[in-house]
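Data file: final24.csv. Format and content: CSV, C-alpha atoms and all ligand atoms.
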```
chain,number,residue,atom,x,y,z
A,236,MET,CA,0.0,0.0,0.0
A,237,ASN,CA,1.2,3.5,-0.9
A,238,LEU,CA,0.5,5.9,1.9
A,239,THR,CA,1.4,9.6,2.0
A,240,VAL,CA,1.6,11.7,5.1
A,241,LEU,CA,1.5,15.5,4.7
A,242,GLY,CA,2.7,17.1,8.0
A,243,VAL,CA,5.0,14.6,9.7
A,244,GLY,CA,4.7,15.6,13.3
A,245,LEU,CA,3.5,13.6,16.4
A,246,ILE,CA,0.3,12.3,14.7
A,247,GLY,CA,1.5,12.0,11.1
A,248,GLY,CA,4.8,10.4,12.3
A,249,SER,CA,2.9,7.9,14.6
A,250,LEU,CA,0.7,6.9,11.7
A,251,GLY,CA,3.7,6.4,9.4
A,252,LEU,CA,5.5,4.3,12.0
A,253,ALA,CA,2.4,2.1,12.6
A,254,ALA,CA,1.6,1.7,8.8
A,255,ARG,CA,5.2,0.7,8.0
A,256,GLN,CA,5.8,-1.6,11.0
A,257,ARG,CA,2.4,-3.3,11.1
A,258,LEU,CA,1.2,-3.2,7.5
A,259,GLY,CA,4.4,-3.1,5.6
A,260,ALA,CA,3.1,0.1,3.9
A,261,GLU,CA,5.4,2.3,1.7
A,262,VAL,CA,5.1,5.7,3.4
A,263,THR,CA,6.1,8.9,1.7
A,264,GLY,CA,6.2,12.1,3.7
A,265,TRP,CA,6.1,15.8,3.0
A,266,ASP,CA,6.2,18.7,5.5
A,267,ARG,CA,6.2,22.4,5.3
A,268,ASP,CA,9.4,22.3,7.3
A,269,PRO,CA,11.9,20.2,5.1
A,270,ALA,CA,14.2,19.5,8.1
A,271,VAL,CA,11.4,17.4,9.6
A,272,LEU,CA,11.7,14.9,6.8
A,273,ASP,CA,15.3,13.7,7.7
A,274,ARG,CA,14.2,13.2,11.3
A,275,ALA,CA,11.1,11.3,10.1
A,276,VAL,CA,13.3,9.0,8.0
A,277,SER,CA,15.7,8.4,10.9
A,278,VAL,CA,13.0,7.4,13.4
A,279,GLY,CA,11.4,5.1,10.8
A,280,ALA,CA,8.2,7.1,10.4
A,281,ILE,CA,8.5,7.4,6.6
A,282,ASP,CA,10.4,5.6,3.8
A,283,ARG,CA,11.3,8.8,2.0
A,284,GLY,CA,10.6,12.5,2.0
A,285,ALA,CA,9.3,14.2,-1.1
A,286,ALA,CA,10.5,17.5,-2.5
A,287,THR,CA,7.0,18.8,-3.1
A,288,LEU,CA,3.5,18.1,-2.0
A,289,ALA,CA,2.5,17.2,-5.5
A,290,GLU,CA,5.3,14.7,-5.8
A,291,ALA,CA,4.4,13.2,-2.4
A,292,VAL,CA,0.8,12.6,-3.4
A,293,ALA,CA,1.2,11.5,-7.0
A,294,ASP,CA,1.2,7.7,-6.5
A,295,ALA,CA,-0.7,7.5,-3.2
A,296,GLU,CA,-3.7,5.3,-2.6
A,297,ILE,CA,-4.3,7.0,0.8
A,298,VAL,CA,-3.2,10.5,1.7
A,299,VAL,CA,-3.4,11.6,5.3
A,300,VAL,CA,-3.1,15.3,6.0
A,301,ALA,CA,-1.7,15.7,9.5
A,302,ALA,CA,-1.0,19.5,9.6
A,303,PRO,CA,-2.4,22.0,12.2
A,304,VAL,CA,-6.2,22.7,12.0
A,305,GLY,CA,-5.8,26.2,10.5
A,306,ALA,CA,-3.7,24.8,7.6
A,307,LEU,CA,-6.1,21.9,6.8
A,308,PRO,CA,-8.5,23.5,4.3
A,309,ASP,CA,-5.7,24.6,2.0
A,310,ALA,CA,-3.5,21.5,2.5
A,311,VAL,CA,-6.4,19.1,1.8
A,312,GLY,CA,-7.3,21.2,-1.3
A,313,ALA,CA,-3.7,20.9,-2.6
A,314,ALA,CA,-3.7,17.2,-1.8
A,315,LEU,CA,-7.0,16.7,-3.7
A,316,ALA,CA,-5.7,18.7,-6.7
A,317,ALA,CA,-2.6,16.5,-6.9
A,318,ALA,CA,-4.1,13.1,-6.0
A,319,GLY,CA,-5.3,10.6,-8.5
A,320,PRO,CA,-9.0,9.9,-9.2
A,321,ASP,CA,-8.9,6.7,-7.1
A,322,ALA,CA,-7.0,8.0,-4.1
A,323,VAL,CA,-8.8,8.7,-0.7
A,324,VAL,CA,-7.7,11.9,1.1
A,325,THR,CA,-8.3,12.2,4.8
A,326,ASP,CA,-7.1,14.5,7.7
A,327,VAL,CA,-6.6,14.1,11.4
A,328,GLY,CA,-7.6,17.6,12.6
A,329,SER,CA,-9.1,18.0,16.0
A,330,VAL,CA,-11.9,20.3,14.6
A,331,LYS,CA,-13.9,19.1,11.7
A,332,HIS,CA,-16.2,21.9,10.5
A,333,PRO,CA,-13.8,24.1,8.5
A,334,VAL,CA,-12.2,21.3,6.5
A,335,VAL,CA,-15.4,19.4,5.9
A,336,ALA,CA,-17.2,22.6,4.8
A,337,ALA,CA,-14.4,23.2,2.3
A,338,HIS,CA,-14.1,19.7,0.9
A,339,GLY,CA,-17.0,17.6,2.0
A,340,GLY,CA,-18.4,17.8,-1.6
A,341,ASP,CA,-15.4,15.9,-3.1
A,342,GLU,CA,-16.1,12.1,-3.1
A,343,ARG,CA,-12.4,11.5,-2.4
A,344,PHE,CA,-12.3,13.4,0.9
A,345,ILE,CA,-13.4,11.8,4.2
A,346,GLY,CA,-12.5,13.9,7.3
A,347,GLY,CA,-10.9,12.1,10.2
A,348,HIS,CA,-9.8,12.6,13.8
A,349,PRO,CA,-8.0,10.1,16.1
A,350,LEU,CA,-9.1,10.4,19.7
A,351,ALA,CA,-5.5,9.8,20.9
A,352,GLY,CA,-2.5,12.0,21.3
A,353,ALA,CA,-0.1,13.4,23.7
A,354,GLU,CA,1.0,16.7,25.2
A,355,VAL,CA,4.3,16.7,23.2
A,356,ALA,CA,4.9,17.7,19.6
A,357,GLY,CA,7.1,16.6,16.7
A,358,VAL,CA,8.0,13.4,14.9
A,359,GLU,CA,10.7,12.6,17.5
A,360,HIS,CA,7.8,11.8,19.9
A,361,ALA,CA,6.0,9.5,17.4
A,362,ARG,CA,4.8,6.2,18.8
A,363,VAL,CA,3.8,3.0,17.0
A,364,ASP,CA,1.1,2.2,19.5
A,365,LEU,CA,-0.4,5.7,19.8
A,366,PHE,CA,-3.7,4.7,18.1
A,367,ASP,CA,-4.1,1.2,19.7
A,368,ASP,CA,-7.8,0.8,20.6
A,369,ALA,CA,-8.4,4.5,20.1
A,370,THR,CA,-11.7,5.8,18.6
A,371,TRP,CA,-10.9,7.3,15.2
A,372,TYR,CA,-13.8,9.5,14.1
A,373,LEU,CA,-14.6,9.7,10.4
A,374,THR,CA,-16.9,12.3,9.0
A,375,PRO,CA,-18.2,11.0,5.6
A,376,THR,CA,-20.8,13.1,3.7
A,377,ARG,CA,-23.4,12.1,1.2
A,378,ALA,CA,-20.7,12.7,-1.5
A,379,SER,CA,-18.2,10.3,0.0
A,380,GLY,CA,-17.3,7.3,-2.1
A,381,GLY,CA,-18.3,4.0,-0.4
A,382,LEU,CA,-15.3,2.0,-1.6
A,383,LEU,CA,-13.0,4.8,-0.4
A,384,PHE,CA,-14.7,4.9,3.0
A,385,GLU,CA,-14.2,1.1,3.2
A,386,ARG,CA,-10.4,1.4,2.3
A,387,LEU,CA,-9.9,4.0,4.9
A,388,HIS,CA,-11.9,2.1,7.5
A,389,ARG,CA,-9.8,-1.0,6.8
A,390,LEU,CA,-6.5,0.9,7.1
A,391,LEU,CA,-7.5,2.3,10.5
A,392,THR,CA,-8.8,-1.0,11.8
A,393,ALA,CA,-5.6,-2.7,10.7
A,394,LEU,CA,-3.6,-0.1,12.6
A,395,GLY,CA,-5.4,-1.0,15.8
A,396,ALA,CA,-7.8,1.9,15.9
A,397,ARG,CA,-11.7,1.8,16.1
A,398,PRO,CA,-13.1,4.0,13.3
A,399,GLN,CA,-16.5,5.5,14.1
A,400,ALA,CA,-18.6,7.7,11.8
A,401,ILE,CA,-19.9,11.0,13.1
A,402,ASP,CA,-21.4,14.2,11.6
A,403,ALA,CA,-18.8,16.9,11.5
A,404,ASP,CA,-20.8,19.5,13.5
A,405,VAL,CA,-21.8,16.9,16.2
A,406,HIS,CA,-18.1,16.0,16.4
A,407,ASP,CA,-17.1,19.6,17.1
A,408,ARG,CA,-19.8,20.0,19.8
A,409,VAL,CA,-18.8,16.7,21.5
A,410,LEU,CA,-15.0,17.5,21.3
A,411,ALA,CA,-15.6,20.9,22.8
A,412,ALA,CA,-16.8,19.1,25.9
A,413,VAL,CA,-14.5,16.0,26.1
A,414,SER,CA,-11.2,17.5,24.9
A,415,HIS,CA,-11.1,21.3,24.4
A,416,LEU,CA,-12.7,22.3,27.7
A,417,PRO,CA,-10.5,19.9,29.7
A,418,HIS,CA,-7.4,21.5,28.1
A,419,VAL,CA,-8.7,25.0,29.0
A,420,LEU,CA,-9.4,23.9,32.5
A,421,ALA,CA,-6.0,22.3,32.9
A,422,ASN,CA,-4.5,25.7,31.9
A,423,VAL,CA,-6.7,27.5,34.3
A,424,LEU,CA,-5.7,25.2,37.2
A,425,VAL,CA,-2.0,25.8,36.5
A,426,ALA,CA,-2.3,29.6,36.1
A,427,GLN,CA,-4.5,29.9,39.2
A,428,THR,CA,-2.1,27.7,41.3
A,429,ALA,CA,0.9,29.6,40.1
A,430,ALA,CA,-0.7,32.9,41.0
A,431,ALA,CA,-2.0,31.7,44.4
A,432,LEU,CA,1.5,30.4,45.4
A,433,GLY,CA,3.4,33.3,44.0
A,434,ASN,CA,3.8,34.9,47.4
A,435,GLU,CA,4.5,31.8,49.4
A,436,GLU,CA,8.0,31.4,50.6
A,437,THR,CA,8.1,27.6,50.0
A,438,ILE,CA,6.4,26.1,47.0
A,439,PRO,CA,4.8,22.8,48.2
A,440,SER,CA,5.2,19.7,46.1
A,441,THR,CA,2.2,19.1,43.9
A,442,GLY,CA,0.0,16.1,44.6
A,443,PRO,CA,-0.9,13.3,42.2
A,444,SER,CA,-4.3,14.9,41.6
A,445,PHE,CA,-2.7,18.1,40.4
A,446,ARG,CA,-0.4,16.3,38.1
A,447,ASP,CA,-3.2,14.1,36.7
A,448,ALA,CA,-5.5,17.1,36.1
A,449,THR,CA,-2.9,19.3,34.5
A,450,ARG,CA,-0.9,16.8,32.3
A,451,VAL,CA,-2.0,18.6,29.1
A,452,ALA,CA,-1.7,22.2,30.4
A,453,GLY,CA,0.3,24.3,28.0
A,454,ALA,CA,0.6,21.5,25.4
A,455,ASN,CA,1.7,22.5,21.9
A,456,PRO,CA,0.8,26.2,22.0
A,457,PRO,CA,0.3,26.9,18.2
A,458,MET,CA,-1.7,23.7,17.8
A,459,TRP,CA,-4.0,24.4,20.7
A,460,ALA,CA,-4.5,28.1,19.8
A,461,ASP,CA,-5.7,26.9,16.5
A,462,ILE,CA,-8.1,24.3,18.0
A,463,TYR,CA,-9.6,26.8,20.5
A,464,HIS,CA,-10.1,29.4,17.8
A,465,ALA,CA,-11.5,27.0,15.1
A,466,ASN,CA,-14.0,25.6,17.6
A,467,ARG,CA,-14.7,28.9,19.4
A,468,GLU,CA,-18.5,28.8,19.2
A,469,ALA,CA,-18.9,25.3,20.7
A,470,LEU,CA,-16.1,26.0,23.2
A,471,ALA,CA,-17.8,29.2,24.4
A,472,VAL,CA,-21.0,27.2,25.1
A,473,GLN,CA,-19.0,24.8,27.2
A,474,LEU,CA,-17.1,27.6,29.1
A,475,ASP,CA,-20.4,29.3,30.0
A,476,GLU,CA,-21.7,26.0,31.3
A,477,ALA,CA,-18.5,25.4,33.3
A,478,ILE,CA,-18.7,28.9,34.8
A,479,GLY,CA,-22.3,28.2,35.9
A,480,ARG,CA,-21.3,24.9,37.5
A,481,LEU,CA,-18.4,26.5,39.4
A,482,SER,CA,-20.8,29.1,40.7
A,483,ARG,CA,-23.2,26.4,41.9
A,484,VAL,CA,-20.4,24.6,43.8
A,485,ARG,CA,-19.5,28.0,45.3
A,486,ALA,CA,-23.1,28.3,46.5
A,487,ILE,CA,-23.3,25.0,48.3
A,488,LEU,CA,-20.0,25.2,50.2
A,489,ASP,CA,-21.8,25.6,53.5
A,490,ASP,CA,-23.9,22.5,52.9
A,491,PRO,CA,-22.0,19.2,53.5
A,492,ALA,CA,-25.0,17.1,52.5
A,493,GLU,CA,-25.4,18.8,49.2
A,494,LEU,CA,-21.7,18.6,48.6
A,495,GLU,CA,-21.7,14.9,49.3
A,496,ALA,CA,-24.7,14.4,47.0
A,497,TRP,CA,-22.9,16.3,44.2
A,498,GLN,CA,-19.7,14.4,44.6
A,499,GLY,CA,-21.5,11.0,44.5
A,500,ALA,CA,-23.6,12.0,41.4
A,501,VAL,CA,-20.4,13.0,39.6
A,502,SER,CA,-18.7,9.7,40.5
A,503,GLU,CA,-21.6,7.8,39.0
A,504,GLU,CA,-21.6,10.0,35.8
A,505,ARG,CA,-17.8,9.4,35.4
A,506,ARG,CA,-18.3,5.7,35.5
A,507,ARG,CA,-21.1,5.8,32.9
A,508,LEU,CA,-19.0,8.1,30.6
A,509,LEU,CA,-15.9,5.9,30.7
A,510,GLU,CA,-17.9,2.7,30.3
A,511,ALA,CA,-19.6,4.1,27.2
A,512,GLY,CA,-16.2,4.1,25.4
A,513,LEU,CA,-15.5,0.4,26.2
A,514,VAL,CA,-16.4,-2.2,23.7
A,515,GLY,CA,-14.9,-5.7,23.6
A,516,GLY,CA,-15.8,-9.3,23.1
A,517,SER,CA,-16.7,-11.2,20.0
A,518,THR,CA,-18.1,-9.7,16.8
A,519,ARG,CA,-21.0,-10.8,14.6
A,520,GLU,CA,-21.7,-10.1,10.9
A,521,LEU,CA,-24.6,-8.1,9.5
A,522,ARG,CA,-25.3,-8.2,5.8
A,523,VAL,CA,-27.1,-5.1,4.5
A,524,ALA,CA,-28.6,-5.1,0.9
A,525,VAL,CA,-28.4,-1.6,-0.5
A,526,PRO,CA,-28.8,0.2,-3.9
A,527,ASN,CA,-25.5,1.3,-5.3
A,528,THR,CA,-26.2,5.0,-4.9
A,529,PRO,CA,-24.1,7.8,-3.6
A,530,GLY,CA,-24.2,8.3,0.2
A,531,VAL,CA,-25.5,4.9,1.2
A,532,VAL,CA,-22.3,3.8,3.0
A,533,ALA,CA,-22.1,7.2,4.8
A,534,GLU,CA,-25.8,6.9,5.8
A,535,VAL,CA,-25.4,3.5,7.3
A,536,ALA,CA,-22.1,4.3,9.0
A,537,LEU,CA,-23.4,7.6,10.4
A,538,THR,CA,-26.5,6.0,11.8
A,539,LEU,CA,-24.5,3.4,13.7
A,540,GLY,CA,-21.9,5.9,14.8
A,541,ARG,CA,-24.7,8.2,16.2
A,542,ALA,CA,-26.0,5.3,18.3
A,543,GLY,CA,-22.5,4.6,19.6
A,544,ILE,CA,-22.2,1.3,17.7
A,545,ASN,CA,-18.7,0.5,16.6
A,546,ILE,CA,-18.2,-1.1,13.2
A,547,ALA,CA,-15.3,-3.4,13.9
A,548,ASP,CA,-14.8,-4.2,10.2
A,549,MET,CA,-16.6,-3.8,6.9
A,550,ALA,CA,-16.5,-5.0,3.3
A,551,LEU,CA,-18.5,-3.9,0.2
A,552,SER,CA,-19.6,-6.3,-2.6
A,553,PRO,CA,-21.2,-4.6,-5.6
A,554,SER,CA,-23.6,-6.8,-7.7
A,555,PRO,CA,-22.3,-7.8,-11.2
A,556,ASP,CA,-24.4,-5.1,-12.9
A,557,ASN,CA,-23.3,-2.6,-10.3
A,558,ARG,CA,-26.9,-1.5,-9.5
A,559,ASN,CA,-27.1,-3.0,-6.0
A,560,GLY,CA,-24.6,-4.3,-3.4
A,561,VAL,CA,-24.1,-5.8,0.0
A,562,ILE,CA,-22.4,-4.0,2.9
A,563,ALA,CA,-21.1,-6.6,5.3
A,564,LEU,CA,-20.5,-5.1,8.7
A,565,TRP,CA,-19.0,-6.7,11.8
A,566,CYS,CA,-20.3,-5.3,15.1
A,567,HIS,CA,-19.7,-6.3,18.7
A,568,ALA,CA,-22.0,-9.2,19.4
A,569,GLU,CA,-24.1,-7.4,22.1
A,570,GLN,CA,-24.7,-4.5,19.7
A,571,THR,CA,-25.7,-6.6,16.6
A,572,GLU,CA,-29.5,-6.7,17.1
A,573,ARG,CA,-29.7,-2.9,17.8
A,574,ALA,CA,-27.5,-2.2,14.8
A,575,ALA,CA,-29.7,-4.4,12.6
A,576,ASP,CA,-32.9,-2.6,13.8
A,577,LEU,CA,-31.3,0.8,13.1
A,578,VAL,CA,-30.3,-0.2,9.6
A,579,ARG,CA,-33.7,-1.8,8.9
A,580,GLY,CA,-35.2,1.6,10.0
A,581,LEU,CA,-33.4,3.2,7.1
A,582,GLY,CA,-35.3,0.9,4.8
A,583,TYR,CA,-32.6,-1.6,3.9
A,584,PRO,CA,-33.0,-5.4,4.4
A,585,VAL,CA,-30.6,-6.9,6.9
A,586,THR,CA,-29.6,-10.5,7.6
A,587,THR,CA,-27.6,-11.4,10.7
B,1,LIG,N1,-1.4,16.1,19.4
B,1,LIG,C1,-2.5,15.5,19.7
B,1,LIG,O1,-2.8,15.1,20.8
B,1,LIG,C2,-3.5,15.3,18.5
B,1,LIG,C3,-4.4,14.3,18.6
B,1,LIG,C4,-5.3,14.1,17.5
B,1,LIG,C5,-5.3,15.0,16.4
B,1,LIG,N2,-4.4,16.0,16.4
B,1,LIG,C6,-4.3,16.8,15.2
B,1,LIG,O2,-3.2,16.4,14.5
B,1,LIG,C7,-2.7,17.5,13.7
B,1,LIG,C8,-1.2,17.5,13.9
B,1,LIG,O3,-0.9,17.6,15.3
B,1,LIG,P1,0.5,17.1,15.9
B,1,LIG,O4,0.2,16.9,17.3
B,1,LIG,O5,1.0,16.0,15.0
B,1,LIG,O6,1.3,18.4,15.7
B,1,LIG,P2,2.9,18.6,15.5
B,1,LIG,O7,3.2,20.0,15.9
B,1,LIG,O8,3.6,17.5,16.2
B,1,LIG,O9,3.1,18.3,13.9
B,1,LIG,C9,2.6,19.1,12.9
B,1,LIG,C10,3.5,19.0,11.7
B,1,LIG,O10,2.8,19.7,10.6
B,1,LIG,C11,3.8,20.5,9.9
B,1,LIG,N3,3.0,21.5,9.2
B,1,LIG,C12,2.6,22.7,9.6
B,1,LIG,N4,1.9,23.4,8.7
B,1,LIG,C13,1.9,22.5,7.6
B,1,LIG,C14,1.3,22.6,6.3
B,1,LIG,N5,0.6,23.7,5.9
B,1,LIG,N6,1.5,21.6,5.4
B,1,LIG,C15,2.2,20.5,5.8
B,1,LIG,N7,2.8,20.4,7.0
B,1,LIG,C16,2.6,21.4,7.9
B,1,LIG,C17,4.7,21.0,11.0
B,1,LIG,O11,6.0,21.3,10.4
B,1,LIG,C18,4.8,19.7,11.8
B,1,LIG,O12,5.8,18.8,11.4
B,1,LIG,C19,-3.5,18.7,14.2
B,1,LIG,O13,-4.4,19.0,13.2
B,1,LIG,C20,-4.1,18.3,15.5
B,1,LIG,O14,-5.3,19.0,15.7
B,1,LIG,C21,-3.5,16.2,17.4
B,2,LIG,O1,-3.7,12.7,25.5
B,2,LIG,C1,-3.5,13.9,25.3
B,2,LIG,O2,-2.5,14.4,25.6
B,2,LIG,C2,-4.5,14.6,24.5
B,2,LIG,O3,-4.6,15.8,24.7
B,2,LIG,C3,-5.2,13.9,23.4
B,2,LIG,C4,-6.4,14.6,22.9
B,2,LIG,C5,-7.5,14.7,24.0
B,2,LIG,O4,-7.9,15.8,24.3
B,2,LIG,O5,-7.9,13.6,24.5
B,2,LIG,C6,-6.1,15.9,22.4
B,2,LIG,C7,-6.5,16.4,21.2
B,2,LIG,C8,-6.9,15.5,20.1
B,2,LIG,O6,-7.7,16.1,19.2
B,2,LIG,C9,-7.4,14.2,20.6
B,2,LIG,C10,-7.0,13.7,21.8
```
Exercise: express the given structure as structure tokens:
Amino acid sequence: MNLTVLGVGLIGGSLGLAARQRLGAEVTGWDRDPAVLDRAVSVGAIDRGAATLAEAVADAEIVVVAAPVGALPDAVGAALAAAGPDAVVTDVGSVKHPVVAAHGGDERFIGGHPLAGAEVAGVEHARVDLFDDATWYLTPTRASGGLLFERLHRLLTALGARPQAIDADVHDRVLAAVSHLPHVLANVLVAQTAAALGNEETIPSTGPSFRDATRVAGANPPMWADIYHANREALAVQLDEAIGRLSRVRAILDDPAELEAWQGAVSEERRRLLEAGLVGGSTRELRVAVPNTPGVVAEVALTLGRAGINIADMALSPSPDNRNGVIALWCHAEQTERAADLVRGLGYPVTT
């Protein structure tokens, strides 16, 4: 497989490492900063660096754009212009609306975002296991090619990730809550603690809870400035909500019973939230008979993604006259019946 990575930093480099080591892929890299490419070759993240973006993309079957969020609309546009008609182009940006609004109408583009990362930057921190078991959001649109979606889905599954389809705007609202707000709060904790201790003669050692809650504080400043700005509307909603919750805690400080009830409710909510991300066990096959029309694969994948159902694997088989086809999906056994009902609800016959 020929894979091209544009922007060979932490995420692009980790993808290159995993694709080379686990799938034997031939990985070509290109980066706005040419010095990055020699480092990427020396850590084994790419086979070779290309002199231009167009040269990097020319023979690729899959192009992954792993540049900062603000650069993605232009970089994906350049990749689509240089890529062949059968290539699939994706990105890894933490905010999906701008790039999907710009290129969601091109059948070769399918937006993506791995829910995995680190507080460090650059290819020298790339890790082959970074995406193991991680949710990898994909944002197909009605224009997305079904076979290209399948190729991308297979790559990500083979790398050890769990692809899940999601609407781009829903993605941005969810990520504002589960990723962007936590990064803002980590920064606030550090800034407030530094200010509060500024006049103390001895700075006390920080406890484990402070370290856990602030691991990501101050991470990759240009990247995070880009993310906060690109997702500012959804993040502002989350910040207003957080300010309200802090005020409510402030108001119950004199009431131990209320404080205990609040602490207990949060403990239960945390358990529920973390368990929602866990899937395991055996898988079962569903076969969905569909007309071969644009948008069908995206419709099925988005319907299951919206219900939190993971597609562990998928395969498309068009009929000989190309008018119909079967989508074979493998879902976790305990989710199969619900998945079948949801797909039947779209009007497509399903066998399990
Ligand atoms: N770091 C994380 O935790 C994380 C997790 C998931 C997704 N992401 C997303 O991945 C992308 C990359 O993040 P990263 O952590 O790898 O950052 P990074 O700083 O480690 O790497 C970014 C790389 O992109 C290059 N670059 C900058 N502008 C470019 C352009 N226009 N064209 C080509 N290359 C360009 C830089 O030179 C650098 O090598 C971002 O869009 C980010 O939102 C990051
Ligand atoms: O683990 C970390 O250091 C991260 O910040 C990873 C994290 C996250 O918030 O969970 C950060 C940004 C990405 O878009 C996805 C994942």
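The spacing separating atom CA of Phe366 of chain A from atom O3 of ligand LIG 2 (chain B) amounts to 12.9 Å.
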| Given 8 Å and all atoms listed in the file, residues near ligand LIG 2 (chain B) as JSON, numbers by chain | {"A": [328, 329, 330, 348, 349, 350, 351, 352, 353, 354, 355, 410, 413, 414, 415, 417, 418, 450, 451, 454]}
Preceding selection exported with C-alpha atoms as a compact mmCIF listing (two decimals), keeping the file's coordinate frame:
```txt
# COMPACT_ATOMS: atom_id res chain seq x y z
CA GLY A 328 -7.60 17.60 12.60
CA SER A 329 -9.10 18.00 16.00
CA VAL A 330 -11.90 20.30 14.60
CA HIS A 348 -9.80 12.60 13.80
CA PRO A 349 -8.00 10.10 16.10
CA LEU A 350 -9.10 10.40 19.70
CA ALA A 351 -5.50 9.80 20.90
CA GLY A 352 -2.50 12.00 21.30
CA ALA A 353 -0.10 13.40 23.70
CA GLU A 354 1.00 16.70 25.20
CA VAL A 355 4.30 16.70 23.20
CA LEU A 410 -15.00 17.50 21.30
CA VAL A 413 -14.50 16.00 26.10
CA SER A 414 -11.20 17.50 24.90
CA HIS A 415 -11.10 21.30 24.40
CA PRO A 417 -10.50 19.90 29.70
CA HIS A 418 -7.40 21.50 28.10
CA ARG A 450 -0.90 16.80 32.30
CA VAL A 451 -2.00 18.60 29.10
CA ALA A 454 0.60 21.50 25.40
```
| message | Which residues are near ligand LIG 1 (chain B) - at most 9 Å, using only C-alpha atoms and all ligand atoms? Format: as a PyMOL selection string. | response | chain A and resi 240-249+265-272+288+300-307+309-310+326-330+347-361+454-455+457-459+461-462
Go ahead and write the selection's residues with C-alpha atoms as an mmCIF file, keeping the file's coordinate frame.
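Full text of selection.cif as output:
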```cif
data_model
loop_
_atom_site.group_PDB
_atom_site.id
_atom_site.type_symbol
_atom_site.label_atom_id
_atom_site.label_comp_id
_atom_site.auth_asym_id
_atom_site.auth_seq_id
_atom_site.Cartn_x
_atom_site.Cartn_y
_atom_site.Cartn_z
ATOM 1 C CA VAL A 240 1.600 11.700 5.100
ATOM 2 C CA LEU A 241 1.500 15.500 4.700
ATOM 3 C CA GLY A 242 2.700 17.100 8.000
ATOM 4 C CA VAL A 243 5.000 14.600 9.700
ATOM 5 C CA GLY A 244 4.700 15.600 13.300
ATOM 6 C CA LEU A 245 3.500 13.600 16.400
ATOM 7 C CA ILE A 246 0.300 12.300 14.700
ATOM 8 C CA GLY A 247 1.500 12.000 11.100
ATOM 9 C CA GLY A 248 4.800 10.400 12.300
ATOM 10 C CA SER A 249 2.900 7.900 14.600
ATOM 11 C CA TRP A 265 6.100 15.800 3.000
ATOM 12 C CA ASP A 266 6.200 18.700 5.500
ATOM 13 C CA ARG A 267 6.200 22.400 5.300
ATOM 14 C CA ASP A 268 9.400 22.300 7.300
ATOM 15 C CA PRO A 269 11.900 20.200 5.100
ATOM 16 C CA ALA A 270 14.200 19.500 8.100
ATOM 17 C CA VAL A 271 11.400 17.400 9.600
ATOM 18 C CA LEU A 272 11.700 14.900 6.800
ATOM 19 C CA LEU A 288 3.500 18.100 -2.000
ATOM 20 C CA VAL A 300 -3.100 15.300 6.000
ATOM 21 C CA ALA A 301 -1.700 15.700 9.500
ATOM 22 C CA ALA A 302 -1.000 19.500 9.600
ATOM 23 C CA PRO A 303 -2.400 22.000 12.200
ATOM 24 C CA VAL A 304 -6.200 22.700 12.000
ATOM 25 C CA GLY A 305 -5.800 26.200 10.500
ATOM 26 C CA ALA A 306 -3.700 24.800 7.600
ATOM 27 C CA LEU A 307 -6.100 21.900 6.800
ATOM 28 C CA ASP A 309 -5.700 24.600 2.000
ATOM 29 C CA ALA A 310 -3.500 21.500 2.500
ATOM 30 C CA ASP A 326 -7.100 14.500 7.700
ATOM 31 C CA VAL A 327 -6.600 14.100 11.400
ATOM 32 C CA GLY A 328 -7.600 17.600 12.600
ATOM 33 C CA SER A 329 -9.100 18.000 16.000
ATOM 34 C CA VAL A 330 -11.900 20.300 14.600
ATOM 35 C CA GLY A 347 -10.900 12.100 10.200
ATOM 36 C CA HIS A 348 -9.800 12.600 13.800
ATOM 37 C CA PRO A 349 -8.000 10.100 16.100
ATOM 38 C CA LEU A 350 -9.100 10.400 19.700
ATOM 39 C CA ALA A 351 -5.500 9.800 20.900
ATOM 40 C CA GLY A 352 -2.500 12.000 21.300
ATOM 41 C CA ALA A 353 -0.100 13.400 23.700
ATOM 42 C CA GLU A 354 1.000 16.700 25.200
ATOM 43 C CA VAL A 355 4.300 16.700 23.200
ATOM 44 C CA ALA A 356 4.900 17.700 19.600
ATOM 45 C CA GLY A 357 7.100 16.600 16.700
ATOM 46 C CA VAL A 358 8.000 13.400 14.900
ATOM 47 C CA GLU A 359 10.700 12.600 17.500
ATOM 48 C CA HIS A 360 7.800 11.800 19.900
ATOM 49 C CA ALA A 361 6.000 9.500 17.400
ATOM 50 C CA ALA A 454 0.600 21.500 25.400
ATOM 51 C CA ASN A 455 1.700 22.500 21.900
ATOM 52 C CA PRO A 457 0.300 26.900 18.200
ATOM 53 C CA MET A 458 -1.700 23.700 17.800
ATOM 54 C CA TRP A 459 -4.000 24.400 20.700
ATOM 55 C CA ASP A 461 -5.700 26.900 16.500
ATOM 56 C CA ILE A 462 -8.100 24.300 18.000
#
```
| Within 12 Å of Gln498 of chain A using only C-alpha atoms, minus same-chain residues under 6 positions, as a count of residues only | 6
Select from segment 309-352 of chain A every residue with an atom at most 9 Å from any atom of segment 464-469 of chain A, then for each give the shortest pair of atoms and their distance in Å to one decimal, using all atoms listed in the file, rows by chain and rising number, as CSV.
```
residue,atom,partner,partner_atom,distance
A:Val330,CA,A:Asn466,CA,6.4
A:Lys331,CA,A:Asn466,CA,8.8
A:His332,CA,A:Asn466,CA,8.3
A:Pro333,CA,A:Ala465,CA,7.6
```
| Could you work out how far atom CA of Trp371 of chain A lies from atom CA of Arg397 of chain A, giving the answer in Å with one decimal? |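 Between atom CA of Arg397 of chain A and atom CA of Trp371 of chain A the gap works out to 5.6 Å.
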| query | So how far away is atom CA of Asp321 of chain A from atom CA of Glu296 of chain A, in Å? | reply | 7.0 Å
